[in-house]
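To keep things clear, I will list the structure first and then write my remarks on it.
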Amino acid sequence: MKYYAEKLSDKGTIAVEDTILMKDVASCAGSRILEGFKSLFSAEAVVRLQEKGYEIAGKTPVGEFGLDLVGEFSYGAEQEGTLSGAAASLVAQGEAEAALGVDMNGATRRAAALAGVDFLKPTYGTVSRYGIISCAASGEQVGVYSKDAAGVAKIMGVIAGHDDKDGTSLPEASYDYVTDKAISGKKVAIISDLLKKADDDVKEKVNAYADALRANGAKVEEISCDLFEVANTAWQILMCAETCNNVSRYDGVKYGHRAASYKNIDELYVNSRTEGFNFLTKAVILYGSDVLSKNRYKDCYDKSLRVRRVVAEGMKKLFESYDAVLTPACAKSAYEAYDIHDAFGKVFSESVFTAAANLIGTPALVSGGVQLLGKHFDESTLLSLAYRVERKGE
Amino acid sequence: MIMKYELVIGLETHVELETNSKIFCSCGGHSAAKEPNDCVCPACSGMPGMLPVMNKHVVELAVTAGLMLNCNINRYTTFDKKNYYYPDLPCAYQITQLNHPICTDGVVTIKTSEGARDIRIKQIHMEEDAGKLVHGGSFSFVDFNRTSVPLIEIVTQPDFRSAEEVVTYLNKLKSMFRSGGISECEEGAMRCDVNISVRPEGSEEFGVRTEIKNMSSFDAIDRAIRYEAQRHMDALEYEIEELVQETRRFDDVSGKTFAMRNKETEADYRYFPDANLMPIVIDDAWLEKIKANKPVAVDEKAEEYREAGISEKEIDMLLASHKISKLLDDVVAKGCNAKDTATWILTDCAGILRKEGKTLGELEVTADSLAALIQMVDGGKINRSAARKVLIAMIIDGADPVAYCKENGLDRQVDSSMIEGIIDAVIAGNPQAVEDYKNGKTKAVQALFGACMKQLKGAGDPAVIKEILEQKLK
């Protein structure tokens, strides 16, 4: 297991995933296509941490463009045996106080659940996306790994807030993240449709978490909701389309990997990209290209945009009745290395737990191996719920 | 020809906007570039991590263009990505507008030898330009100075019936956009795609359409249309070739059009909304602000100047540059006479600039200072020749006219007794010149006049001084 793509400082306490740029540091988002690429500037989230005196320990490897399960298909650092995310592992081992990662298709949340650490994907537009190696612009967001909810809240308070350099950044200058909201009487829904999809040990984890919430005075009940399945299909379509488009700039012309042999510009493109991307990224590119094509646009891409509105409406209604939703973060509590040719389908089916939050931009917090979902800007309720459960012994 | 044919033409015109920075980043426009890749940042060269941030001035200029062409201004407007690979397109997609363009359904009236006709505008949309490839030896070089330079594309309905109408329309756009501060429309800053078909006169159905891409000279557009129309008519009349819907390019040397490769014409651009740019909402307040700043349309402006007594030649010069016509308007707004002000700008200022090897476009005086100068002359505080000195200082050194006059003693009030005293002293001090004058050397008066002017430091009216001097010499 390779923990650092590049170690920067022994004193540093913050790890930064390789989808986030740092000035003059090699950043390749786990892909050969960006081999040797060094950024001219740092991501806004990194700059804000550095301005507050946090030192960056190093860059941690990610699966190519964050498209895989937890980071298993990183160029030059493909994993064997039991899978884990590098940043999540560093936090779990106490090597890093916190880590920054881009949550796009759930890899960060799954990695946190497997490592037993917390990860918050905040509300879309609250953390600047300036300086991240962007794939799915409409749903990706910088989030924070830490050992607990209090650690997440502390770092979120530093990195969140408006940034002129990101057109999707919301106007609020800053946000308060608290962990001490009263949770007694809060209503939490367990989604039975998602629970069914998880292994028994994961189900047990969710039920134990529900009991812990109840012990703190929250009301937890199981309900059925069919939005998550359609939300996942819509998000996979949008995510693939946007990723296909955003990685098309990696063409071997300007920077990164260029094939050694080509006879003309078309061959330069084809050879560089064939060598530069892994099989999973190629599948995403093909799928994304297909759903954007003239014949399929209306039935795939456009329909997904409409599904996004339907899901947003449905979830809004759900959050009128419940303060939070409790679900598994992934179907298993451990994953073994597998063949990359199976990756596209595997990630697709695992993302049913995570995709809704990316699709509609709501916050999602992984803690204690489970996931809490909340309404827009209500991170504090999720953090407070987790905080109470984490402090049960005190 | 056995049958009479009618030409049907629609136009797509790309116009480069006159902004200080590119459409989605703070790089200067490519006109500021001296060397290849001078005006380039991580955003407009397609590096990861950078996000497009909308330049509001682009929206304002596009709306202004829409108002000038009598369009509906859409209050909700969005951007889409158009995907294609080419080395001059750093992101491999162009940000443009497909689904919600900023302006729709306009109309512009053109006057040709056939009379006045309305050309309907289908839409105006905003987009970014691509870069440039330079080929040399066995290498190709990419220059990104022009990438992300803001453009508007004006799409007409198929309402043109002749090449003359097209060229008239383009000339009208050009003068409108120049006077509107939208674009200087210099060579290459206005590019056209021409959609053309031919049908038997009286027919309601359109013929097979071809598109001639990317022409920037009006002369080439005129020739291309005439050539292509003839080709279509020949094909229909003599059935020597079958017309197919295709994209063609015009070869300036041979004067012919040629089909482009199919590959370039049948691309699926996979348009989709750009999630990095939030929809732009133009509220009432913003629209009113843009309307208030909108320059009067060229036709109305010309009429306004004509009524103020400005000559046709001067009107053309004024309307050729938004900056200059705005300077005139601003000076007039401060109470100066329009005709006089036109002379100050187009004769005096232009003359001074010409001596400096500069053009009128490089004039950098404020309306405030020019108005102050003109008012000092009108109020008799300084004479015109002194004013010219002041104007030179204003243009070359950016001097303030009032302060300059004070510092150089040009603004003193002079009465005739003071002038007479100086003239007497000059006559007394130059007996030889007086003698020469009296002996018939009339030219000698110039030396005496010059000496008087020098002592008066430009104060007083030269005509009056000359008159008093000549009287005293008699």
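Labeling convention for the structure tokens: chains A, B, ... as they appear, residues from 1 per chain, ligands from 1 in order of appearance.
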Provide as a short mmCIF file (atom, residue, chain, number, x, y, z; two decimals) with N, CA and C atoms, in the first residue's frame the residues of chain B at most 6 Å from chain A, counting only C-alpha atoms.
```
data_model
loop_
_atom_site.label_atom_id
_atom_site.label_comp_id
_atom_site.auth_asym_id
_atom_site.auth_seq_id
_atom_site.Cartn_x
_atom_site.Cartn_y
_atom_site.Cartn_z
N PRO B 48 -5.82 21.79 -15.94
CA PRO B 48 -6.82 21.35 -14.97
C PRO B 48 -6.86 22.31 -13.78
N GLY B 49 -8.00 22.34 -13.11
CA GLY B 49 -8.11 23.11 -11.88
C GLY B 49 -8.70 24.50 -12.03
N MET B 50 -8.63 25.04 -13.26
CA MET B 50 -9.16 26.38 -13.47
C MET B 50 -10.62 26.31 -13.88
N LEU B 51 -11.41 27.26 -13.40
CA LEU B 51 -12.83 27.29 -13.72
C LEU B 51 -13.15 28.60 -14.46
N VAL B 53 -14.92 31.96 -15.22
CA VAL B 53 -15.71 32.95 -14.46
C VAL B 53 -16.18 34.01 -15.46
N CYS B 91 -9.22 23.01 -24.36
CA CYS B 91 -10.02 22.11 -23.53
C CYS B 91 -10.69 21.01 -24.35
N ALA B 92 -10.53 21.05 -25.68
CA ALA B 92 -11.22 20.14 -26.60
C ALA B 92 -12.73 20.36 -26.53
N ARG B 270 -21.89 16.86 -29.74
CA ARG B 270 -22.28 16.44 -28.39
C ARG B 270 -22.42 17.65 -27.44
N ALA B 275 -21.76 22.95 -16.66
CA ALA B 275 -22.11 22.99 -15.24
C ALA B 275 -21.23 23.96 -14.46
N LEU B 277 -20.71 27.07 -15.27
CA LEU B 277 -21.23 28.43 -15.38
C LEU B 277 -22.71 28.43 -15.01
#
```
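Of all the residues in region 121-157 of chain A, the ones DSSP labels as alpha helix (DSSP H) from the backbone are Ala149, Ala150, Gly151, Val152, Ala153, Lys154, Ile155, Met156 and Gly157 of chain A.
CA of Asn145 (chain B) is found 28.4 Å from CA of Val253 (chain B).
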Nearby residues (only C-alpha atoms) at most 7 Å from Lys213 (chain B), same-chain spacing under 3 positions excluded, as a PDB file with C-alpha atoms, in the first residue's frame:
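So selection.pdb came out as:
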```pdb
ATOM      1  CA  CYS B 192     -18.916  34.989 -41.733  1.00  0.00           C
ATOM      2  CA  ASP B 193     -20.436  31.645 -42.608  1.00  0.00           C
ATOM      3  CA  VAL B 194     -22.799  31.973 -45.569  1.00  0.00           C
ATOM      4  CA  THR B 247     -19.863  22.704 -46.181  1.00  0.00           C
ATOM      5  CA  ARG B 248     -17.551  24.455 -48.607  1.00  0.00           C
ATOM      6  CA  ARG B 249     -14.644  26.836 -48.442  1.00  0.00           C
TER       7      ARG B 249
END
```
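Atom to atom, CA of Met156 (chain A) and CA of Phe24 (chain B) stand 28.2 Å apart.
Among A:Ala88, A:Leu8, A:Val347, A:Ala77, the residue with the shortest atom-to-atom distance to Gly58 (chain A), counting only C-alpha atoms, is A:Leu8.
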Please, which residues in region 171-233 of chain B fall within 12 Å of region 113-133 of chain B when counting only C-alpha atoms, and what is the closest atom pair and distance in Å to one decimal for each, ordered by chain then residue number, as a Markdown table?
```
| residue | atom | partner | partner_atom | distance |
| --- | --- | --- | --- | --- |
| B:Lys172 | CA | B:Ile119 | CA | 11.7 |
| B:Leu173 | CA | B:Ile119 | CA | 11.9 |
| B:Ala189 | CA | B:Asp129 | CA | 10.6 |
| B:Met190 | CA | B:Asp129 | CA | 11.8 |
| B:Arg191 | CA | B:Asp129 | CA | 11.4 |
```
Might you pull out every residue within 10 Å of Ala150 (chain A), with only C-alpha atoms counted and same-chain residues fewer than 4 positions away left off, and present them as a PDB file with C-alpha atoms, in the first residue's frame?
```
ATOM      1  CA  ASP A 118     -15.316  10.294   9.186  1.00  0.00           C
ATOM      2  CA  SER A 146     -10.908  13.217   9.970  1.00  0.00           C
ATOM      3  CA  LYS A 154     -12.822  22.238  12.455  1.00  0.00           C
ATOM      4  CA  ILE A 155     -11.322  21.834   8.957  1.00  0.00           C
ATOM      5  CA  MET A 156     -14.612  22.582   7.183  1.00  0.00           C
ATOM      6  CA  TYR A 177     -20.120  23.865  11.493  1.00  0.00           C
ATOM      7  CA  VAL A 178     -21.199  22.862  14.989  1.00  0.00           C
ATOM      8  CA  THR A 179     -21.273  19.434  16.592  1.00  0.00           C
ATOM      9  CA  ASP A 180     -23.282  20.306  19.676  1.00  0.00           C
ATOM     10  CA  LEU A 383     -22.119  16.334  12.517  1.00  0.00           C
ATOM     11  CA  SER A 384     -24.032  16.630  15.792  1.00  0.00           C
ATOM     12  CA  ALA A 386     -22.296  11.636  14.643  1.00  0.00           C
ATOM     13  CA  TYR A 387     -20.665  13.520  17.505  1.00  0.00           C
ATOM     14  CA  GLU A 390     -18.870   8.920  18.767  1.00  0.00           C
TER      15      GLU A 390
END
```
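CA of Ala98 (chain A) is positioned 16.6 Å from CA of Ala5 (chain A).
Across A:Lys11, A:Arg388, A:His257, A:Lys219, the tightest approach to Glu55 (chain A) is made by A:Lys11 when counting only C-alpha atoms.
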Next on the checklist: What parts of region 282-331 of chain A does DSSP call strand (DSSP E or B)? I'd like the answer as an MDAnalysis selection string.
Outcome noted: chainID A and resid 324:328
For the residues in that selection, give me C-alpha atoms as a PDB file, in the first residue's frame.
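Contents of the output file again-v5.pdb:
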```
ATOM      1  CA  ALA A 324     -31.569  13.022   8.498  1.00  0.00           C
ATOM      2  CA  VAL A 325     -31.408   9.760   6.585  1.00  0.00           C
ATOM      3  CA  LEU A 326     -29.308   6.810   7.688  1.00  0.00           C
ATOM      4  CA  THR A 327     -27.935   4.394   5.053  1.00  0.00           C
ATOM      5  CA  PRO A 328     -24.974   2.095   4.447  1.00  0.00           C
TER       6      PRO A 328
END
```
List as an mmCIF file with N, CA and C atoms, in the first residue's frame the protein and nucleic acid residues near region 340-357 of chain B, meaning an atom at most 8 Å away when only C-alpha atoms are counted, but skip any in the same chain fewer than 6 places from it.
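Just written: around-v4.cif:
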```cif
data_model
loop_
_atom_site.group_PDB
_atom_site.id
_atom_site.type_symbol
_atom_site.label_atom_id
_atom_site.label_comp_id
_atom_site.auth_asym_id
_atom_site.auth_seq_id
_atom_site.Cartn_x
_atom_site.Cartn_y
_atom_site.Cartn_z
ATOM 1 N N ILE B 310 -23.011 69.643 -38.453
ATOM 2 C CA ILE B 310 -21.728 68.986 -38.710
ATOM 3 C C ILE B 310 -21.743 68.430 -40.139
ATOM 4 N N GLU B 314 -17.339 64.967 -41.681
ATOM 5 C CA GLU B 314 -17.045 64.896 -40.248
ATOM 6 C C GLU B 314 -17.905 63.833 -39.563
ATOM 7 N N MET B 317 -16.350 60.563 -39.989
ATOM 8 C CA MET B 317 -15.173 60.411 -39.134
ATOM 9 C C MET B 317 -15.588 60.141 -37.692
ATOM 10 N N LEU B 328 -17.242 63.610 -28.281
ATOM 11 C CA LEU B 328 -17.997 64.765 -28.777
ATOM 12 C C LEU B 328 -19.300 64.923 -27.990
ATOM 13 N N VAL B 331 -18.661 66.236 -24.495
ATOM 14 C CA VAL B 331 -18.264 67.644 -24.457
ATOM 15 C C VAL B 331 -19.500 68.517 -24.707
ATOM 16 N N VAL B 332 -20.329 68.096 -25.665
ATOM 17 C CA VAL B 332 -21.554 68.847 -25.983
ATOM 18 C C VAL B 332 -22.477 68.859 -24.758
ATOM 19 N N LEU B 363 -6.342 59.399 -29.310
ATOM 20 C CA LEU B 363 -6.597 60.619 -28.548
ATOM 21 C C LEU B 363 -6.971 60.261 -27.110
ATOM 22 N N ILE B 374 -12.493 74.622 -24.422
ATOM 23 C CA ILE B 374 -13.378 75.280 -25.391
ATOM 24 C C ILE B 374 -14.118 76.436 -24.712
ATOM 25 N N ARG B 388 -4.365 76.478 -28.703
ATOM 26 C CA ARG B 388 -3.692 75.386 -29.406
ATOM 27 C C ARG B 388 -2.489 74.878 -28.612
ATOM 28 N N LEU B 391 -3.815 72.833 -25.894
ATOM 29 C CA LEU B 391 -4.301 71.542 -26.409
ATOM 30 C C LEU B 391 -3.125 70.577 -26.634
ATOM 31 N N ILE B 392 -2.018 71.129 -27.157
ATOM 32 C CA ILE B 392 -0.834 70.280 -27.364
ATOM 33 C C ILE B 392 -0.372 69.698 -26.029
ATOM 34 N N ILE B 395 -2.779 66.989 -24.921
ATOM 35 C CA ILE B 395 -2.687 65.727 -25.666
ATOM 36 C C ILE B 395 -1.380 64.999 -25.369
#
```
Item to check | Nearby residues (only C-alpha atoms) at most 6 Å from region 442-451 of chain B, same-chain spacing under 3 positions excluded, as a list in words | outcome: Ala433, Tyr437 and Lys454 of chain B
Next on the checklist: Which residues are near region 103-109 of chain A? Cut-off 8 Å, only C-alpha atoms, ignore same chain within fewer than 3 positions. Put them as a ChimeraX atom specification.
Outcome noted: /A:66-71,85,88,112-113,119-121,135-136,139-143,239,329,351,354-355,358,365-366
Checklist entry - Counting only C-alpha atoms, which of B:Ala399, B:Ala308, B:Ile290, B:Met260 gets nearest to Met68 (chain B)? => result B:Ile290
Next on the checklist: Using only C-alpha atoms, can you tell me which of B:Ala338, B:Cys71, B:Leu243, B:Leu170 comes closest to Ile221 (chain B)?
Outcome noted: B:Leu170
